[in-house]
file query24.cif (mmCIF, C-alpha atoms; chains and numbers go by the auth columns)
data_work
loop_
_atom_site.group_PDB
_atom_site.id
_atom_site.type_symbol
_atom_site.label_atom_id
_atom_site.label_comp_id
_atom_site.label_asym_id
_atom_site.label_seq_id
_atom_site.Cartn_x
_atom_site.Cartn_y
_atom_site.Cartn_z
_atom_site.B_iso_or_equiv
_atom_site.auth_seq_id
_atom_site.auth_asym_id
ATOM 1 C CA MET A 1 64.694 -66.000 30.389 0.00 39 A
ATOM 2 C CA LEU A 2 66.139 -69.465 29.860 0.00 40 A
ATOM 3 C CA SER A 3 69.856 -69.585 29.182 0.00 41 A
ATOM 4 C CA ALA A 4 71.117 -71.223 25.997 0.00 42 A
ATOM 5 C CA PRO A 5 72.058 -74.889 26.461 0.00 43 A
ATOM 6 C CA ARG A 6 75.714 -75.800 26.457 0.00 44 A
ATOM 7 C CA ARG A 7 77.068 -77.529 23.399 0.00 45 A
ATOM 8 C CA PHE A 8 76.843 -81.269 24.057 0.00 46 A
ATOM 9 C CA TYR A 9 78.580 -82.617 20.939 0.00 47 A
ATOM 10 C CA LYS A 10 81.840 -82.189 19.063 0.00 48 A
ATOM 11 C CA THR A 11 80.954 -82.890 15.459 0.00 49 A
ATOM 12 C CA ALA A 12 77.893 -82.509 13.261 0.00 50 A
ATOM 13 C CA ALA A 13 77.522 -84.157 9.870 0.00 51 A
ATOM 14 C CA SER A 14 74.864 -84.986 7.303 0.00 52 A
ATOM 15 C CA THR A 15 74.064 -88.605 6.575 0.00 53 A
ATOM 16 C CA PRO A 16 71.794 -90.508 4.165 0.00 54 A
ATOM 17 C CA LEU A 17 68.619 -91.971 5.634 0.00 55 A
ATOM 18 C CA GLU A 18 65.755 -94.010 4.313 0.00 56 A
ATOM 19 C CA GLY A 19 63.595 -91.489 2.494 0.00 57 A
ATOM 20 C CA GLY A 20 66.073 -88.635 2.584 0.00 58 A
ATOM 21 C CA TRP A 21 68.916 -87.178 4.600 0.00 59 A
ATOM 22 C CA GLY A 22 69.538 -86.593 8.285 0.00 60 A
ATOM 23 C CA ILE A 23 71.961 -85.039 10.755 0.00 61 A
ATOM 24 C CA GLN A 24 74.282 -86.844 13.139 0.00 62 A
ATOM 25 C CA LEU A 25 75.766 -85.250 16.244 0.00 63 A
ATOM 26 C CA ASP A 26 78.791 -87.297 17.331 0.00 64 A
ATOM 27 C CA GLY A 27 77.434 -90.149 15.236 0.00 65 A
ATOM 28 C CA LYS A 28 73.977 -90.130 16.831 0.00 66 A
ATOM 29 C CA ALA A 29 70.907 -89.322 14.764 0.00 67 A
ATOM 30 C CA LEU A 30 69.396 -85.928 15.466 0.00 68 A
ATOM 31 C CA ARG A 31 65.668 -85.970 16.088 0.00 69 A
ATOM 32 C CA SER A 32 63.308 -83.043 15.819 0.00 70 A
ATOM 33 C CA PRO A 33 62.484 -80.966 18.930 0.00 71 A
ATOM 34 C CA ALA A 34 59.273 -83.022 19.188 0.00 72 A
ATOM 35 C CA LYS A 35 61.379 -86.218 18.996 0.00 73 A
ATOM 36 C CA ARG A 36 60.262 -87.093 15.488 0.00 74 A
ATOM 37 C CA PRO A 37 62.590 -88.533 12.846 0.00 75 A
ATOM 38 C CA PHE A 38 64.491 -85.600 11.353 0.00 76 A
ATOM 39 C CA VAL A 39 64.341 -86.476 7.667 0.00 77 A
ATOM 40 C CA LEU A 40 65.307 -83.840 5.109 0.00 78 A
ATOM 41 C CA PRO A 41 64.600 -83.956 1.374 0.00 79 A
ATOM 42 C CA THR A 42 68.079 -83.155 -0.002 0.00 80 A
ATOM 43 C CA GLU A 43 71.730 -83.644 0.806 0.00 81 A
ATOM 44 C CA ALA A 44 72.326 -79.922 0.251 0.00 82 A
ATOM 45 C CA LEU A 45 69.842 -78.929 2.972 0.00 83 A
ATOM 46 C CA ALA A 46 71.137 -81.570 5.390 0.00 84 A
ATOM 47 C CA SER A 47 74.725 -80.408 4.842 0.00 85 A
ATOM 48 C CA ALA A 48 73.789 -76.767 5.423 0.00 86 A
ATOM 49 C CA ILE A 49 71.936 -77.586 8.644 0.00 87 A
ATOM 50 C CA ALA A 50 74.867 -79.715 9.820 0.00 88 A
ATOM 51 C CA ASP A 51 77.075 -76.679 9.193 0.00 89 A
ATOM 52 C CA GLU A 52 74.783 -74.602 11.433 0.00 90 A
ATOM 53 C CA TRP A 53 75.217 -77.133 14.235 0.00 91 A
ATOM 54 C CA GLN A 54 78.975 -77.340 13.681 0.00 92 A
ATOM 55 C CA ALA A 55 79.308 -73.537 13.810 0.00 93 A
ATOM 56 C CA GLN A 56 77.872 -73.292 17.322 0.00 94 A
ATOM 57 C CA GLY A 57 80.157 -72.145 20.110 0.00 95 A
ATOM 58 C CA GLU A 58 80.187 -73.237 23.734 0.00 96 A
ATOM 59 C CA LYS A 59 76.440 -72.743 23.846 0.00 97 A
ATOM 60 C CA VAL A 60 73.802 -73.652 21.278 0.00 98 A
ATOM 61 C CA ASN A 61 71.920 -70.608 20.009 0.00 99 A
ATOM 62 C CA PRO A 62 68.814 -71.677 18.058 0.00 100 A
ATOM 63 C CA GLY A 63 68.419 -68.141 16.745 0.00 101 A
ATOM 64 C CA SER A 64 71.627 -68.564 14.762 0.00 102 A
ATOM 65 C CA MET A 65 70.260 -71.661 12.999 0.00 103 A
ATOM 66 C CA PRO A 66 67.458 -70.431 10.720 0.00 104 A
ATOM 67 C CA LEU A 67 67.568 -73.458 8.420 0.00 105 A
ATOM 68 C CA MET A 68 67.210 -75.785 11.404 0.00 106 A
ATOM 69 C CA GLN A 69 64.277 -73.737 12.629 0.00 107 A
ATOM 70 C CA PHE A 70 62.550 -73.914 9.247 0.00 108 A
ATOM 71 C CA ALA A 71 63.070 -77.671 9.049 0.00 109 A
ATOM 72 C CA ALA A 72 61.840 -78.255 12.610 0.00 110 A
ATOM 73 C CA THR A 73 58.763 -76.165 11.871 0.00 111 A
ATOM 74 C CA ALA A 74 58.023 -78.245 8.787 0.00 112 A
ATOM 75 C CA ILE A 75 58.490 -81.565 10.565 0.00 113 A
ATOM 76 C CA ASP A 76 56.915 -80.810 13.942 0.00 114 A
ATOM 77 C CA ARG A 77 54.339 -78.076 13.513 0.00 115 A
ATOM 78 C CA LEU A 78 53.120 -78.110 9.938 0.00 116 A
ATOM 79 C CA ALA A 79 53.168 -81.715 8.797 0.00 117 A
ATOM 80 C CA ASP A 80 50.030 -82.465 10.837 0.00 118 A
ATOM 81 C CA ASP A 81 48.068 -79.400 9.760 0.00 119 A
ATOM 82 C CA ARG A 82 48.943 -78.658 6.167 0.00 120 A
ATOM 83 C CA THR A 83 45.438 -77.444 5.257 0.00 121 A
ATOM 84 C CA ALA A 84 45.447 -74.776 7.941 0.00 122 A
ATOM 85 C CA LEU A 85 48.859 -73.580 6.748 0.00 123 A
ATOM 86 C CA VAL A 86 47.653 -73.313 3.149 0.00 124 A
ATOM 87 C CA GLU A 87 44.648 -71.269 4.282 0.00 125 A
ATOM 88 C CA GLU A 88 46.828 -69.014 6.421 0.00 126 A
ATOM 89 C CA ILE A 89 49.244 -68.231 3.594 0.00 127 A
ATOM 90 C CA ALA A 90 46.481 -67.884 0.991 0.00 128 A
ATOM 91 C CA GLY A 91 44.781 -65.385 3.270 0.00 129 A
ATOM 92 C CA TYR A 92 47.563 -62.909 2.587 0.00 130 A
ATOM 93 C CA GLY A 93 46.487 -62.909 -1.048 0.00 131 A
ATOM 94 C CA GLY A 94 43.204 -61.344 -0.022 0.00 132 A
ATOM 95 C CA SER A 95 44.912 -58.322 1.527 0.00 133 A
ATOM 96 C CA ASP A 96 48.321 -58.290 -0.099 0.00 134 A
ATOM 97 C CA LEU A 97 50.626 -55.425 0.831 0.00 135 A
ATOM 98 C CA ILE A 98 51.352 -54.461 -2.764 0.00 136 A
ATOM 99 C CA CYS A 99 47.655 -53.902 -3.526 0.00 137 A
ATOM 100 C CA TYR A 100 47.394 -50.970 -1.102 0.00 138 A
ATOM 101 C CA ARG A 101 48.884 -47.743 -2.420 0.00 139 A
ATOM 102 C CA ALA A 102 49.448 -44.303 -0.974 0.00 140 A
ATOM 103 C CA GLU A 103 47.527 -41.293 -2.262 0.00 141 A
ATOM 104 C CA GLU A 104 50.427 -38.944 -1.521 0.00 142 A
ATOM 105 C CA PRO A 105 53.148 -37.733 -1.564 0.00 143 A
ATOM 106 C CA PRO A 106 53.787 -38.120 -5.302 0.00 144 A
ATOM 107 C CA SER A 107 57.315 -39.456 -4.740 0.00 145 A
ATOM 108 C CA LEU A 108 55.967 -42.352 -2.637 0.00 146 A
ATOM 109 C CA VAL A 109 53.158 -43.005 -5.104 0.00 147 A
ATOM 110 C CA ARG A 110 55.733 -43.187 -7.900 0.00 148 A
ATOM 111 C CA ARG A 111 58.026 -45.520 -5.955 0.00 149 A
ATOM 112 C CA GLN A 112 55.170 -47.902 -5.146 0.00 150 A
ATOM 113 C CA GLU A 113 54.123 -47.894 -8.803 0.00 151 A
ATOM 114 C CA GLU A 114 57.651 -48.583 -10.012 0.00 152 A
ATOM 115 C CA THR A 115 58.300 -51.370 -7.484 0.00 153 A
ATOM 116 C CA TRP A 116 54.954 -53.041 -6.921 0.00 154 A
ATOM 117 C CA GLN A 117 53.154 -52.733 -10.242 0.00 155 A
ATOM 118 C CA PRO A 118 55.659 -54.985 -12.070 0.00 156 A
ATOM 119 C CA LEU A 119 54.875 -57.643 -9.445 0.00 157 A
ATOM 120 C CA ILE A 120 51.153 -57.251 -10.118 0.00 158 A
ATOM 121 C CA ALA A 121 51.938 -57.751 -13.811 0.00 159 A
ATOM 122 C CA TRP A 122 54.181 -60.745 -13.071 0.00 160 A
ATOM 123 C CA VAL A 123 51.606 -62.581 -10.976 0.00 161 A
ATOM 124 C CA ALA A 124 48.998 -61.907 -13.659 0.00 162 A
ATOM 125 C CA GLU A 125 51.200 -63.449 -16.334 0.00 163 A
ATOM 126 C CA ARG A 126 52.549 -66.270 -14.194 0.00 164 A
ATOM 127 C CA TYR A 127 49.293 -67.434 -12.592 0.00 165 A
ATOM 128 C CA ASP A 128 46.554 -65.770 -14.638 0.00 166 A
ATOM 129 C CA VAL A 129 45.585 -63.803 -11.532 0.00 167 A
ATOM 130 C CA ALA A 130 44.258 -60.241 -11.783 0.00 168 A
ATOM 131 C CA LEU A 131 44.601 -58.463 -8.436 0.00 169 A
ATOM 132 C CA ASN A 132 42.683 -55.314 -7.620 0.00 170 A
ATOM 133 C CA VAL A 133 44.731 -52.323 -6.453 0.00 171 A
ATOM 134 C CA THR A 134 43.390 -49.506 -4.294 0.00 172 A
ATOM 135 C CA THR A 135 44.560 -46.348 -2.556 0.00 173 A
ATOM 136 C CA GLY A 136 44.181 -45.659 1.128 0.00 174 A
ATOM 137 C CA ILE A 137 43.340 -48.182 3.821 0.00 175 A
ATOM 138 C CA VAL A 138 39.836 -49.247 2.804 0.00 176 A
ATOM 139 C CA ALA A 139 39.858 -52.974 2.075 0.00 177 A
ATOM 140 C CA VAL A 140 39.534 -54.030 -1.549 0.00 178 A
ATOM 141 C CA GLU A 141 37.981 -57.392 -2.401 0.00 179 A
ATOM 142 C CA GLN A 142 40.043 -59.689 -4.568 0.00 180 A
ATOM 143 C CA PRO A 143 38.487 -61.930 -7.243 0.00 181 A
ATOM 144 C CA ALA A 144 37.458 -65.371 -6.062 0.00 182 A
ATOM 145 C CA HIS A 145 39.422 -66.824 -8.980 0.00 183 A
ATOM 146 C CA ALA A 146 42.617 -65.204 -7.660 0.00 184 A
ATOM 147 C CA LEU A 147 42.183 -66.608 -4.156 0.00 185 A
ATOM 148 C CA ALA A 148 41.311 -70.066 -5.489 0.00 186 A
ATOM 149 C CA THR A 149 44.381 -69.989 -7.730 0.00 187 A
ATOM 150 C CA PHE A 150 46.639 -69.081 -4.817 0.00 188 A
ATOM 151 C CA ARG A 151 45.235 -72.028 -2.852 0.00 189 A
ATOM 152 C CA ARG A 152 45.906 -74.412 -5.735 0.00 190 A
ATOM 153 C CA VAL A 153 49.467 -73.145 -6.084 0.00 191 A
ATOM 154 C CA LEU A 154 50.113 -73.612 -2.375 0.00 192 A
ATOM 155 C CA GLU A 155 48.455 -77.022 -2.218 0.00 193 A
ATOM 156 C CA ALA A 156 50.804 -78.201 -4.981 0.00 194 A
ATOM 157 C CA CYS A 157 53.897 -77.310 -2.917 0.00 195 A
ATOM 158 C CA ASP A 158 55.738 -79.911 -0.904 0.00 196 A
ATOM 159 C CA LEU A 159 55.903 -79.331 2.840 0.00 197 A
ATOM 160 C CA PHE A 160 59.380 -77.805 2.828 0.00 198 A
ATOM 161 C CA ALA A 161 58.562 -75.367 0.022 0.00 199 A
ATOM 162 C CA LEU A 162 55.328 -74.494 1.817 0.00 200 A
ATOM 163 C CA THR A 163 57.240 -73.807 5.018 0.00 201 A
ATOM 164 C CA ALA A 164 59.598 -71.463 3.195 0.00 202 A
ATOM 165 C CA LEU A 165 56.649 -69.669 1.608 0.00 203 A
ATOM 166 C CA ALA A 166 54.962 -69.324 4.988 0.00 204 A
ATOM 167 C CA GLY A 167 58.071 -67.730 6.456 0.00 205 A
ATOM 168 C CA ALA A 168 58.574 -65.389 3.523 0.00 206 A
ATOM 169 C CA THR A 169 54.911 -64.389 3.359 0.00 207 A
ATOM 170 C CA GLY A 170 54.773 -63.590 7.051 0.00 208 A
ATOM 171 C CA SER A 171 57.998 -61.587 6.938 0.00 209 A
ATOM 172 C CA ALA A 172 57.039 -59.648 3.798 0.00 210 A
ATOM 173 C CA GLY A 173 53.346 -59.241 4.519 0.00 211 A
ATOM 174 C CA SER A 174 52.795 -60.250 0.913 0.00 212 A
ATOM 175 C CA LEU A 175 52.085 -63.558 -0.769 0.00 213 A
ATOM 176 C CA VAL A 176 53.014 -62.091 -4.151 0.00 214 A
ATOM 177 C CA ILE A 177 56.445 -61.013 -2.896 0.00 215 A
ATOM 178 C CA ALA A 178 56.950 -64.459 -1.329 0.00 216 A
ATOM 179 C CA LEU A 179 56.039 -66.253 -4.564 0.00 217 A
ATOM 180 C CA ALA A 180 58.283 -63.938 -6.575 0.00 218 A
ATOM 181 C CA LEU A 181 61.118 -64.686 -4.162 0.00 219 A
ATOM 182 C CA ALA A 182 60.589 -68.453 -4.322 0.00 220 A
ATOM 183 C CA GLU A 183 60.454 -68.462 -8.123 0.00 221 A
ATOM 184 C CA GLY A 184 63.485 -66.243 -8.623 0.00 222 A
ATOM 185 C CA ARG A 185 61.594 -63.174 -9.854 0.00 223 A
ATOM 186 C CA LEU A 186 63.053 -61.283 -6.865 0.00 224 A
ATOM 187 C CA SER A 187 66.275 -61.729 -4.936 0.00 225 A
ATOM 188 C CA ALA A 188 66.054 -61.736 -1.137 0.00 226 A
ATOM 189 C CA ASP A 189 67.247 -58.131 -0.983 0.00 227 A
ATOM 190 C CA GLU A 190 64.796 -57.070 -3.680 0.00 228 A
ATOM 191 C CA ALA A 191 62.004 -58.810 -1.783 0.00 229 A
ATOM 192 C CA ALA A 192 63.007 -57.016 1.416 0.00 230 A
ATOM 193 C CA ASP A 193 63.157 -53.659 -0.375 0.00 231 A
ATOM 194 C CA ALA A 194 59.675 -54.256 -1.801 0.00 232 A
ATOM 195 C CA ALA A 195 58.227 -55.359 1.535 0.00 233 A
ATOM 196 C CA LEU A 196 59.823 -52.465 3.428 0.00 234 A
ATOM 197 C CA LEU A 197 59.215 -49.841 0.754 0.00 235 A
ATOM 198 C CA ASP A 198 57.005 -47.581 2.866 0.00 236 A
ATOM 199 C CA GLU A 199 59.272 -47.801 5.915 0.00 237 A
ATOM 200 C CA LEU A 200 62.392 -47.125 3.896 0.00 238 A
ATOM 201 C CA PHE A 201 60.738 -44.128 2.275 0.00 239 A
ATOM 202 C CA GLN A 202 59.806 -42.672 5.651 0.00 240 A
ATOM 203 C CA ALA A 203 63.280 -43.361 7.042 0.00 241 A
ATOM 204 C CA GLU A 204 64.866 -41.529 4.112 0.00 242 A
ATOM 205 C CA LYS A 205 62.586 -38.562 4.678 0.00 243 A
ATOM 206 C CA TRP A 206 62.466 -38.315 8.456 0.00 244 A
ATOM 207 C CA GLY A 207 65.352 -40.423 9.673 0.00 245 A
ATOM 208 C CA SER A 208 65.329 -43.763 11.435 0.00 246 A
ATOM 209 C CA ASP A 209 65.974 -45.166 14.874 0.00 247 A
ATOM 210 C CA PRO A 210 67.968 -48.201 16.010 0.00 248 A
ATOM 211 C CA GLU A 211 64.900 -50.272 16.906 0.00 249 A
ATOM 212 C CA ALA A 212 63.324 -49.761 13.488 0.00 250 A
ATOM 213 C CA GLU A 213 66.635 -50.544 11.805 0.00 251 A
ATOM 214 C CA ARG A 214 66.959 -53.764 13.788 0.00 252 A
ATOM 215 C CA ARG A 215 63.420 -54.762 12.817 0.00 253 A
ATOM 216 C CA ARG A 216 64.134 -54.144 9.134 0.00 254 A
ATOM 217 C CA ALA A 217 67.404 -56.062 9.385 0.00 255 A
ATOM 218 C CA THR A 218 65.530 -58.998 10.935 0.00 256 A
ATOM 219 C CA ILE A 219 62.972 -59.036 8.126 0.00 257 A
ATOM 220 C CA ARG A 220 65.747 -58.908 5.537 0.00 258 A
ATOM 221 C CA ALA A 221 67.611 -61.773 7.233 0.00 259 A
ATOM 222 C CA ASP A 222 64.406 -63.813 7.494 0.00 260 A
ATOM 223 C CA LEU A 223 63.764 -63.423 3.757 0.00 261 A
ATOM 224 C CA HIS A 224 67.338 -64.463 2.966 0.00 262 A
ATOM 225 C CA ALA A 225 66.883 -67.545 5.167 0.00 263 A
ATOM 226 C CA ALA A 226 63.519 -68.427 3.600 0.00 264 A
ATOM 227 C CA LYS A 227 64.985 -68.178 0.110 0.00 265 A
ATOM 228 C CA ARG A 228 68.000 -70.289 1.032 0.00 266 A
ATOM 229 C CA PHE A 229 65.842 -72.919 2.722 0.00 267 A
ATOM 230 C CA HIS A 230 63.569 -73.102 -0.311 0.00 268 A
ATOM 231 C CA THR A 231 66.516 -73.415 -2.695 0.00 269 A
ATOM 232 C CA LEU A 232 68.384 -76.034 -0.656 0.00 270 A
ATOM 233 C CA SER A 233 65.275 -78.151 -0.188 0.00 271 A
ATOM 234 C CA ARG A 234 64.999 -78.513 -3.947 0.00 272 A
ATOM 235 C CA LEU A 235 68.628 -79.150 -5.005 0.00 273 A
#
call {"tool": "encode", "arguments": {"input": "query24.cif", "output": "structure tokens"}}
result
Amino acid sequence: MLSAPRRFYKTAASTPLEGGWGIQLDGKALRSPAKRPFVLPTEALASAIADEWQAQGEKVNPGSMPLMQFAATAIDRLADDRTALVEEIAGYGGSDLICYRAEEPPSLVRRQEETWQPLIAWVAERYDVALNVTTGIVAVEQPAHALATFRRVLEACDLFALTALAGATGSAGSLVIALALAEGRLSADEAADAALLDELFQAEKWGSDPEAERRRATIRADLHAAKRFHTLSRL
């Protein structure tokens, strides 16, 4: 395992650039990990990422800089292949977590209904999308109109919003939860509770273990970071 690099700068600050905002480390422009210009869409996002750099200790820990990671992903990995990213995220709409319900026990069935069905209703009202819901694990086909609508919604997003949606969708296992998070229908904690509903139910019933708790904490933190990145990129 590679050790974390030592901190090589004293100060980090945001700075205006042509076309947006950037980061300076000791007055020198930060470039992306792939050595591309690191241009951010808003001062708020640049300031928050500069704060992540400034908060580093003797060593630089990339894992403690989620906003920087989101931005680097947008600039280096996704800018050149936007279509593939749209297809990847839209694919979750075809097998969305909240469309697959338990048959028993009744208490779990009721909790899924109370938590997930309002999201089915919200996406229907918001996007004119009617999703099919099923019980068990047998795949249910979603209407072509729904999948086409999801693609149009994603294609209309700017790259930074799309990156946030990709992170949230992957963490939640649900495009609907990710969209609800991005649009303020759910808070980050509500999104995490919805995404982890089955696991939390089982943990309440049978108990949990440290590894599972760490995994759930990571998902919750990732959803908080995705929401914050999305918000800051639009201020």
call {"tool": "atom_distance", "arguments": {"input": "query24.cif", "atom1": "atom CA of Leu273 of chain A", "atom2": "atom CA of Arg189 of chain A"}}
result
24.5 Å
call {"tool": "closest_residue", "arguments": {"input": "query24.cif", "among": "A:Thr269, A:Ser133, A:Thr187, A:Thr207", "to": "Val161 of chain A", "atoms": "only C-alpha atoms"}}
result
A:Thr187
call {"tool": "axis_aligned_box", "arguments": {"input": "query24.cif", "around": "segment 153-168 of chain A", "padding_each_side": "6 Å", "output": "lines of an AutoDock Vina configuration file"}}
result
center_x = 51.3
center_y = -59.4
center_z = -11.6
size_x = 26.0
size_y = 28.1
size_z = 21.4
call {"tool": "residues_around", "arguments": {"input": "query24.cif", "residues": "segment 176-179 of chain A", "least_positions_apart": "6", "cutoff": "10 Å", "atoms": "all atoms listed in the file", "output": "list in words"}}
result
Gly132, Ser133, Asp134, Cys137, Tyr138, Leu169 and Asn170 of chain A
call {"tool": "write_last_selection", "arguments": {"input": "query24.cif", "atoms": "C-alpha atoms", "output": "PDB file, keeping the file's coordinate frame"}}
result
ATOM      1  CA  GLY A 132      43.204 -61.344  -0.022  1.00  0.00           C
ATOM      2  CA  SER A 133      44.912 -58.322   1.527  1.00  0.00           C
ATOM      3  CA  ASP A 134      48.321 -58.290  -0.099  1.00  0.00           C
ATOM      4  CA  CYS A 137      47.655 -53.902  -3.526  1.00  0.00           C
ATOM      5  CA  TYR A 138      47.394 -50.970  -1.102  1.00  0.00           C
ATOM      6  CA  LEU A 169      44.601 -58.463  -8.436  1.00  0.00           C
ATOM      7  CA  ASN A 170      42.683 -55.314  -7.620  1.00  0.00           C
TER       8      ASN A 170
END
call {"tool": "closest_residue", "arguments": {"input": "query24.cif", "among": "A:Leu203, A:Leu55, A:Ile175, A:Ala67", "to": "Val124 of chain A", "atoms": "only C-alpha atoms"}}
result
A:Leu203
call {"tool": "closest_residue", "arguments": {"input": "query24.cif", "among": "A:Leu185, A:Met106, A:Val214, A:Ser271", "to": "Gln155 of chain A", "atoms": "only C-alpha atoms"}}
result
A:Val214
call {"tool": "atom_distance", "arguments": {"input": "query24.cif", "atom1": "atom CA of Leu235 of chain A", "atom2": "atom CA of Thr153 of chain A"}}
result
8.4 Å
call {"tool": "atom_distance", "arguments": {"input": "query24.cif", "atom1": "atom CA of Ala232 of chain A", "atom2": "atom CA of Ile215 of chain A"}}
result
7.6 Å
call {"tool": "residues_near_point", "arguments": {"input": "query24.cif", "point": "(58.8, -52.9, 4.0)", "cutoff": "12 Å", "atoms": "only C-alpha atoms", "output": "NGL selection string"}}
result
:A and (135-136 or 150 or 153-154 or 208-212 or 215 or 227-241 or 250-251 or 253-258 or 261)
call {"tool": "residues_around", "arguments": {"input": "query24.cif", "residues": "Ala88 of chain A", "least_positions_apart": "2", "cutoff": "7 Å", "atoms": "only C-alpha atoms", "output": "list in words"}}
result
Ala50, Ala51, Ser52, Ile61, Ala84, Ser85, Ala86, Glu90, Trp91 and Gln92 of chain A
call {"tool": "closest_residue", "arguments": {"input": "query24.cif", "among": "A:Gly58, A:Pro43, A:Pro79, A:Gly129", "to": "Phe198 of chain A", "atoms": "all atoms listed in the file"}}
result
A:Pro79
call {"tool": "closest_residue", "arguments": {"input": "query24.cif", "among": "A:Asp260, A:Phe46, A:Ala110, A:Ser102", "to": "Phe76 of chain A", "atoms": "all atoms listed in the file"}}
result
A:Ala110
call {"tool": "resolve_selection", "arguments": {"input": "query24.cif", "expression": "the PyMOL selection byres ((chain A and resi 104) around 10)", "output": "MDAnalysis selection string"}}
result
chainID A and resid 87 90 100:103 105:110 259:260 262:264 266:267
call {"tool": "closest_residue", "arguments": {"input": "query24.cif", "among": "A:Ala128, A:Leu146, A:Ala204, A:Leu219", "to": "Arg190 of chain A", "atoms": "all atoms listed in the file"}}
result
A:Ala128
call {"tool": "build_atoms", "arguments": {"input": "query24.cif", "residues": "segment 113-127 of chain A", "atoms": "N, CA, C and O atoms", "output": "PDB file, in the frame of the given file"}}
result
ATOM      1  N   ILE A 113      58.634 -80.189  10.087  1.00  0.00           N
ATOM      2  CA  ILE A 113      58.490 -81.565  10.565  1.00  0.00           C
ATOM      3  C   ILE A 113      57.561 -81.656  11.770  1.00  0.00           C
ATOM      4  O   ILE A 113      56.740 -82.576  11.870  1.00  0.00           O
ATOM      5  N   ASP A 114      57.656 -80.704  12.686  1.00  0.00           N
ATOM      6  CA  ASP A 114      56.915 -80.810  13.942  1.00  0.00           C
ATOM      7  C   ASP A 114      55.575 -80.085  13.945  1.00  0.00           C
ATOM      8  O   ASP A 114      54.591 -80.586  14.487  1.00  0.00           O
ATOM      9  N   ARG A 115      55.527 -78.908  13.359  1.00  0.00           N
ATOM     10  CA  ARG A 115      54.339 -78.076  13.513  1.00  0.00           C
ATOM     11  C   ARG A 115      53.398 -78.130  12.315  1.00  0.00           C
ATOM     12  O   ARG A 115      52.186 -78.020  12.474  1.00  0.00           O
ATOM     13  N   LEU A 116      53.944 -78.291  11.127  1.00  0.00           N
ATOM     14  CA  LEU A 116      53.120 -78.110   9.938  1.00  0.00           C
ATOM     15  C   LEU A 116      52.710 -79.406   9.266  1.00  0.00           C
ATOM     16  O   LEU A 116      51.712 -79.437   8.555  1.00  0.00           O
ATOM     17  N   ALA A 117      53.482 -80.454   9.480  1.00  0.00           N
ATOM     18  CA  ALA A 117      53.168 -81.715   8.797  1.00  0.00           C
ATOM     19  C   ALA A 117      51.775 -82.225   9.159  1.00  0.00           C
ATOM     20  O   ALA A 117      51.101 -82.856   8.341  1.00  0.00           O
ATOM     21  N   ASP A 118      51.318 -81.952  10.384  1.00  0.00           N
ATOM     22  CA  ASP A 118      50.030 -82.465  10.837  1.00  0.00           C
ATOM     23  C   ASP A 118      48.863 -81.547  10.491  1.00  0.00           C
ATOM     24  O   ASP A 118      47.707 -81.920  10.694  1.00  0.00           O
ATOM     25  N   ASP A 119      49.148 -80.352  10.012  1.00  0.00           N
ATOM     26  CA  ASP A 119      48.068 -79.400   9.760  1.00  0.00           C
ATOM     27  C   ASP A 119      48.352 -78.597   8.499  1.00  0.00           C
ATOM     28  O   ASP A 119      48.338 -77.363   8.508  1.00  0.00           O
ATOM     29  N   ARG A 120      48.583 -79.297   7.431  1.00  0.00           N
ATOM     30  CA  ARG A 120      48.943 -78.658   6.167  1.00  0.00           C
ATOM     31  C   ARG A 120      47.816 -77.759   5.638  1.00  0.00           C
ATOM     32  O   ARG A 120      48.066 -76.660   5.138  1.00  0.00           O
ATOM     33  N   THR A 121      46.571 -78.213   5.777  1.00  0.00           N
ATOM     34  CA  THR A 121      45.438 -77.444   5.257  1.00  0.00           C
ATOM     35  C   THR A 121      45.343 -76.079   5.915  1.00  0.00           C
ATOM     36  O   THR A 121      45.114 -75.061   5.247  1.00  0.00           O
ATOM     37  N   ALA A 122      45.514 -76.049   7.226  1.00  0.00           N
ATOM     38  CA  ALA A 122      45.447 -74.776   7.941  1.00  0.00           C
ATOM     39  C   ALA A 122      46.559 -73.840   7.492  1.00  0.00           C
ATOM     40  O   ALA A 122      46.363 -72.626   7.381  1.00  0.00           O
ATOM     41  N   LEU A 123      47.745 -74.400   7.212  1.00  0.00           N
ATOM     42  CA  LEU A 123      48.859 -73.580   6.748  1.00  0.00           C
ATOM     43  C   LEU A 123      48.556 -72.997   5.374  1.00  0.00           C
ATOM     44  O   LEU A 123      48.808 -71.808   5.132  1.00  0.00           O
ATOM     45  N   VAL A 124      48.011 -73.806   4.478  1.00  0.00           N
ATOM     46  CA  VAL A 124      47.653 -73.313   3.149  1.00  0.00           C
ATOM     47  C   VAL A 124      46.661 -72.164   3.269  1.00  0.00           C
ATOM     48  O   VAL A 124      46.802 -71.121   2.610  1.00  0.00           O
ATOM     49  N   GLU A 125      45.653 -72.316   4.114  1.00  0.00           N
ATOM     50  CA  GLU A 125      44.648 -71.269   4.282  1.00  0.00           C
ATOM     51  C   GLU A 125      45.268 -70.004   4.870  1.00  0.00           C
ATOM     52  O   GLU A 125      44.919 -68.887   4.476  1.00  0.00           O
ATOM     53  N   GLU A 126      46.179 -70.175   5.803  1.00  0.00           N
ATOM     54  CA  GLU A 126      46.828 -69.014   6.421  1.00  0.00           C
ATOM     55  C   GLU A 126      47.634 -68.220   5.385  1.00  0.00           C
ATOM     56  O   GLU A 126      47.540 -66.988   5.322  1.00  0.00           O
ATOM     57  N   ILE A 127      48.425 -68.924   4.590  1.00  0.00           N
ATOM     58  CA  ILE A 127      49.244 -68.231   3.594  1.00  0.00           C
ATOM     59  C   ILE A 127      48.348 -67.617   2.513  1.00  0.00           C
ATOM     60  O   ILE A 127      48.540 -66.465   2.115  1.00  0.00           O
TER      61      ILE A 127
END
